[in-house]
Amino acid sequence: MDWSKIEGTGKIFTDHSFPADQTMLSWKEYPKTIGGLTKYLTWFKEFRRPRDLHSMSKQKDKVTQVSLFGSEYEKTKKLVVKNIE
Amino acid sequence: MGDNYFLTVVAALADRGDTITSLFHHKTYNHEGIFAIKPFVKGRPEDITVDDLFPIYNNQPAFVKPTSDGGWWLPLLEKAYAKANVNYEMISSGRQAEAARFLSGSPAREFDTNLITQEELWSSLSINLKKDYVITAACYHEF
């Protein structure tokens with residue numbers, strides 16, 4: 001897939017080879033884990049994009065925009081990795 | 001989620017110049033939500049393209065969160081790792097060495113500290129620190 005032909009077109013990209021549905025989380029027919037995690041992965045029904053989340057977020061005043069490497073990186077050229085989870 | 005092993009290596013490499021940022025073909029977040037990432041699959045650099053649709057729980061990404069300064073590089077990297085491994089479940093529980101090979105393409109070794117003496121461990125750490133190698137640690141169930 002040539003990403004460079006899509007970036008800049010203004011057309012929102014959807015990756016159909018890794019669809020945003022249950023198969024992105026796990027394959028019912030081929031589970032890796034027995035019991036544990038598989039059960040919890042069925043909880044996640046909703047898929048959203050960062051911009052949608054950001055516009056819904058209560059913290060939108062704290063982080064002014066969705067960014068690839070973060071606002072600190074833009075200033076310092078260092079990625080923030082503190083408290084990643 | 002159980003991919004702490006992956007996040008540990010990401011955090012260690014993020015401290016090494018542009019190792020992580022150079023995996024991305026992009027410098028900024030694009031409007032189209034398409035991201036091409038070039039990690040290493042079976043030792044070879046390979047483009048993995050993902051969109052920015054993430055599984056959500058309580059209005060937050062279900063798995064790794066964006067960084068505190070609004071950076072989405074980490075969820076995108078995790079998604080590319082999940083795509084390379086078929087789905088998110090497949091990346092739950094794994095080895096730091098496999099994550100290191102995926103992210104850096106470099107050889108990675110593991111030492112089980114319970115199988116070597118303290119002297120051997122210290123010697124190994126000293127040698128590898130002098131070579132400026134990336135070193136991470138983990139503990140497993142029986143600690």
# chains A, B, ... in the order shown; residues from 1 in each chain; ligands from 1

$ residues_around --residues "region 12-28 of chain A" --least-positions-apart "2" --cutoff "7 Å" --atoms "only C-alpha atoms" --output "number ranges by chain"
A: 10, 30-31, 41, 47; B: 32-34, 50-51, 53, 83, 87-89

$ residues_around --residues "Met90 (chain B)" --least-positions-apart "5" --cutoff "8 Å" --atoms "only C-alpha atoms" --output "mmCIF file with C-alpha atoms, in the first residue's frame"
data_model
loop_
_atom_site.group_PDB
_atom_site.id
_atom_site.type_symbol
_atom_site.label_atom_id
_atom_site.label_comp_id
_atom_site.auth_asym_id
_atom_site.auth_seq_id
_atom_site.Cartn_x
_atom_site.Cartn_y
_atom_site.Cartn_z
ATOM 1 C CA SER A 26 -8.602 -11.717 18.555
ATOM 2 C CA LYS A 32 -3.810 -17.481 21.949
ATOM 3 C CA ALA B 82 -0.428 -6.191 16.601
ATOM 4 C CA ASN B 85 1.294 -10.509 14.699
#

$ closest_residue --among "B:Ala97, B:Leu23, B:Val9, B:Val64" --to "chain A" --atoms "only C-alpha atoms"
B:Val64

$ interface_residues --of "chain B" --to "chain A" --cutoff "9 Å" --atoms "only C-alpha atoms" --output "VMD selection string"
chain B and resid 1 to 2 4 7 10 to 12 14 to 15 17 to 18 20 to 21 26 to 36 47 to 57 59 to 74 76 82 to 83 86 to 90 92

$ write_last_selection --atoms "C-alpha atoms" --output "tab-separated table (two decimals), in the first residue's frame"
chain	number	residue	atom	x	y	z
B	1	MET	CA	-3.18	-6.06	27.90
B	2	GLY	CA	0.02	-7.92	28.72
B	4	ASN	CA	4.50	-4.56	28.92
B	7	LEU	CA	6.44	-1.13	26.02
B	10	VAL	CA	9.95	0.97	23.32
B	11	ALA	CA	10.72	3.12	26.37
B	12	ALA	CA	14.37	2.04	26.37
B	14	ALA	CA	12.90	6.04	22.84
B	15	ASP	CA	15.77	7.27	24.96
B	17	GLY	CA	18.09	9.42	19.75
B	18	ASP	CA	15.78	8.94	16.80
B	20	ILE	CA	11.76	5.24	17.44
B	21	THR	CA	10.89	8.34	15.44
B	26	HIS	CA	5.89	10.72	8.90
B	27	LYS	CA	6.99	13.72	10.89
B	28	THR	CA	3.54	14.98	11.81
B	29	TYR	CA	0.04	13.64	12.36
B	30	ASN	CA	-1.76	13.55	9.04
B	31	HIS	CA	-5.41	14.34	8.49
B	32	GLU	CA	-6.03	11.12	6.55
B	33	GLY	CA	-5.09	8.92	9.52
B	34	ILE	CA	-2.64	6.78	7.56
B	35	PHE	CA	0.69	5.86	9.09
B	36	ALA	CA	3.48	3.81	7.56
B	47	ASP	CA	6.59	-1.21	5.80
B	48	ILE	CA	3.49	-1.76	7.89
B	49	THR	CA	0.65	0.64	7.14
B	50	VAL	CA	-2.06	1.24	9.70
B	51	ASP	CA	-5.00	3.58	10.07
B	52	ASP	CA	-5.74	5.42	13.31
B	53	LEU	CA	-8.87	3.57	14.38
B	54	PHE	CA	-8.25	2.23	17.89
B	55	PRO	CA	-10.33	0.00	20.14
B	56	ILE	CA	-11.92	2.20	22.79
B	57	TYR	CA	-13.04	1.63	26.36
B	59	ASN	CA	-13.69	6.94	25.79
B	60	GLN	CA	-10.01	6.06	25.95
B	61	PRO	CA	-7.82	3.73	23.91
B	62	ALA	CA	-8.37	0.25	25.31
B	63	PHE	CA	-4.67	-0.60	25.31
B	64	VAL	CA	-1.67	1.70	25.44
B	65	LYS	CA	-2.58	5.36	25.88
B	66	PRO	CA	-1.17	8.37	24.05
B	67	THR	CA	1.69	10.10	25.85
B	68	SER	CA	0.92	12.86	28.33
B	69	ASP	CA	1.85	15.52	25.76
B	70	GLY	CA	-0.67	14.26	23.21
B	71	GLY	CA	1.64	12.01	21.18
B	72	TRP	CA	-0.06	9.06	19.45
B	73	TRP	CA	3.15	7.40	18.25
B	74	LEU	CA	2.93	4.71	20.94
B	76	LEU	CA	0.31	3.51	16.48
B	82	ALA	CA	-0.43	-6.19	16.60
B	83	LYS	CA	-0.99	-6.12	12.84
B	86	VAL	CA	-2.28	-10.89	13.32
B	87	ASN	CA	-4.19	-9.21	16.20
B	88	TYR	CA	-3.85	-7.61	19.64
B	89	GLU	CA	-4.35	-10.85	21.53
B	90	MET	CA	-1.30	-12.33	19.84
B	92	SER	CA	-0.23	-10.32	24.90

$ residues_around --residues "region 128-139 of chain B" --least-positions-apart "2" --cutoff "10 Å" --atoms "only C-alpha atoms" --output "list in words"
Asn4, Tyr5, Thr8, Val9, Ala11, Ala12, Leu13, Asp15, Arg16, Arg95, Gln96, Ala97, Ala100, Ala108, Arg109, Glu110, Phe111, Asp112, Thr113, Trp122, Ser123, Ser124, Leu125, Ser126, His141, Glu142 and Phe143 of chain B

$ write_last_selection --atoms "N, CA and C atoms" --output "short mmCIF file (atom, residue, chain, number, x, y, z; two decimals), in the first residue's frame"
data_model
loop_
_atom_site.label_atom_id
_atom_site.label_comp_id
_atom_site.auth_asym_id
_atom_site.auth_seq_id
_atom_site.Cartn_x
_atom_site.Cartn_y
_atom_site.Cartn_z
N ASN B 4 3.52 -5.39 28.21
CA ASN B 4 4.50 -4.56 28.92
C ASN B 4 5.92 -4.82 28.40
N TYR B 5 6.17 -6.07 28.00
CA TYR B 5 7.50 -6.42 27.47
C TYR B 5 7.81 -5.54 26.25
N THR B 8 8.30 -1.83 27.42
CA THR B 8 9.59 -1.65 28.09
C THR B 8 10.69 -1.38 27.05
N VAL B 9 10.68 -2.16 26.00
CA VAL B 9 11.71 -1.98 24.96
C VAL B 9 11.49 -0.66 24.22
N ALA B 11 10.25 2.05 25.47
CA ALA B 11 10.72 3.12 26.37
C ALA B 11 12.25 3.20 26.36
N ALA B 12 12.90 2.05 26.36
CA ALA B 12 14.37 2.04 26.37
C ALA B 12 14.91 2.62 25.06
N LEU B 13 14.30 2.25 23.95
CA LEU B 13 14.79 2.74 22.66
C LEU B 13 14.42 4.20 22.41
N ASP B 15 14.72 6.46 24.32
CA ASP B 15 15.77 7.27 24.96
C ASP B 15 17.04 7.31 24.11
N ARG B 16 17.02 6.61 22.99
CA ARG B 16 18.21 6.50 22.14
C ARG B 16 18.01 7.29 20.85
N ARG B 95 8.31 -11.84 24.71
CA ARG B 95 9.69 -11.68 25.18
C ARG B 95 10.22 -10.32 24.74
N GLN B 96 10.98 -9.71 25.63
CA GLN B 96 11.55 -8.40 25.29
C GLN B 96 12.49 -8.51 24.08
N ALA B 97 13.17 -9.63 23.96
CA ALA B 97 14.10 -9.79 22.83
C ALA B 97 13.36 -9.75 21.50
N ALA B 100 12.53 -6.22 20.80
CA ALA B 100 13.74 -5.48 20.42
C ALA B 100 14.11 -5.75 18.97
N ALA B 108 19.29 -9.54 19.66
CA ALA B 108 18.92 -9.31 21.06
C ALA B 108 19.06 -10.62 21.82
N ARG B 109 19.58 -10.53 23.02
CA ARG B 109 19.78 -11.74 23.84
C ARG B 109 19.08 -11.58 25.17
N GLU B 110 18.73 -12.70 25.75
CA GLU B 110 18.13 -12.68 27.08
C GLU B 110 18.98 -13.48 28.04
N PHE B 111 19.04 -13.03 29.28
CA PHE B 111 19.73 -13.76 30.33
C PHE B 111 18.72 -14.04 31.43
N ASP B 112 18.63 -15.28 31.83
CA ASP B 112 17.80 -15.61 32.99
C ASP B 112 18.69 -15.51 34.22
N THR B 113 18.42 -14.52 35.05
CA THR B 113 19.33 -14.26 36.17
C THR B 113 19.36 -15.40 37.19
N TRP B 122 27.00 -9.83 36.74
CA TRP B 122 27.69 -8.54 36.85
C TRP B 122 28.66 -8.35 35.68
N SER B 123 29.37 -9.43 35.36
CA SER B 123 30.32 -9.37 34.26
C SER B 123 29.59 -9.07 32.95
N SER B 124 28.48 -9.75 32.73
CA SER B 124 27.71 -9.55 31.51
C SER B 124 27.17 -8.12 31.43
N LEU B 125 26.63 -7.64 32.55
CA LEU B 125 26.11 -6.27 32.57
C LEU B 125 27.22 -5.26 32.28
N SER B 126 28.37 -5.46 32.92
CA SER B 126 29.48 -4.52 32.74
C SER B 126 29.93 -4.47 31.29
N HIS B 141 6.56 -14.72 36.58
CA HIS B 141 5.67 -15.11 37.68
C HIS B 141 6.39 -15.59 38.92
N GLU B 142 7.43 -16.38 38.69
CA GLU B 142 8.11 -16.97 39.86
C GLU B 142 9.25 -16.06 40.30
N PHE B 143 8.93 -14.97 40.98
CA PHE B 143 10.00 -14.13 41.49
C PHE B 143 9.92 -14.05 43.00
#

$ atom_distance --atom1 "CA of Ala80 (chain B)" --atom2 "CA of Lys5 (chain A)"
19.6 Å
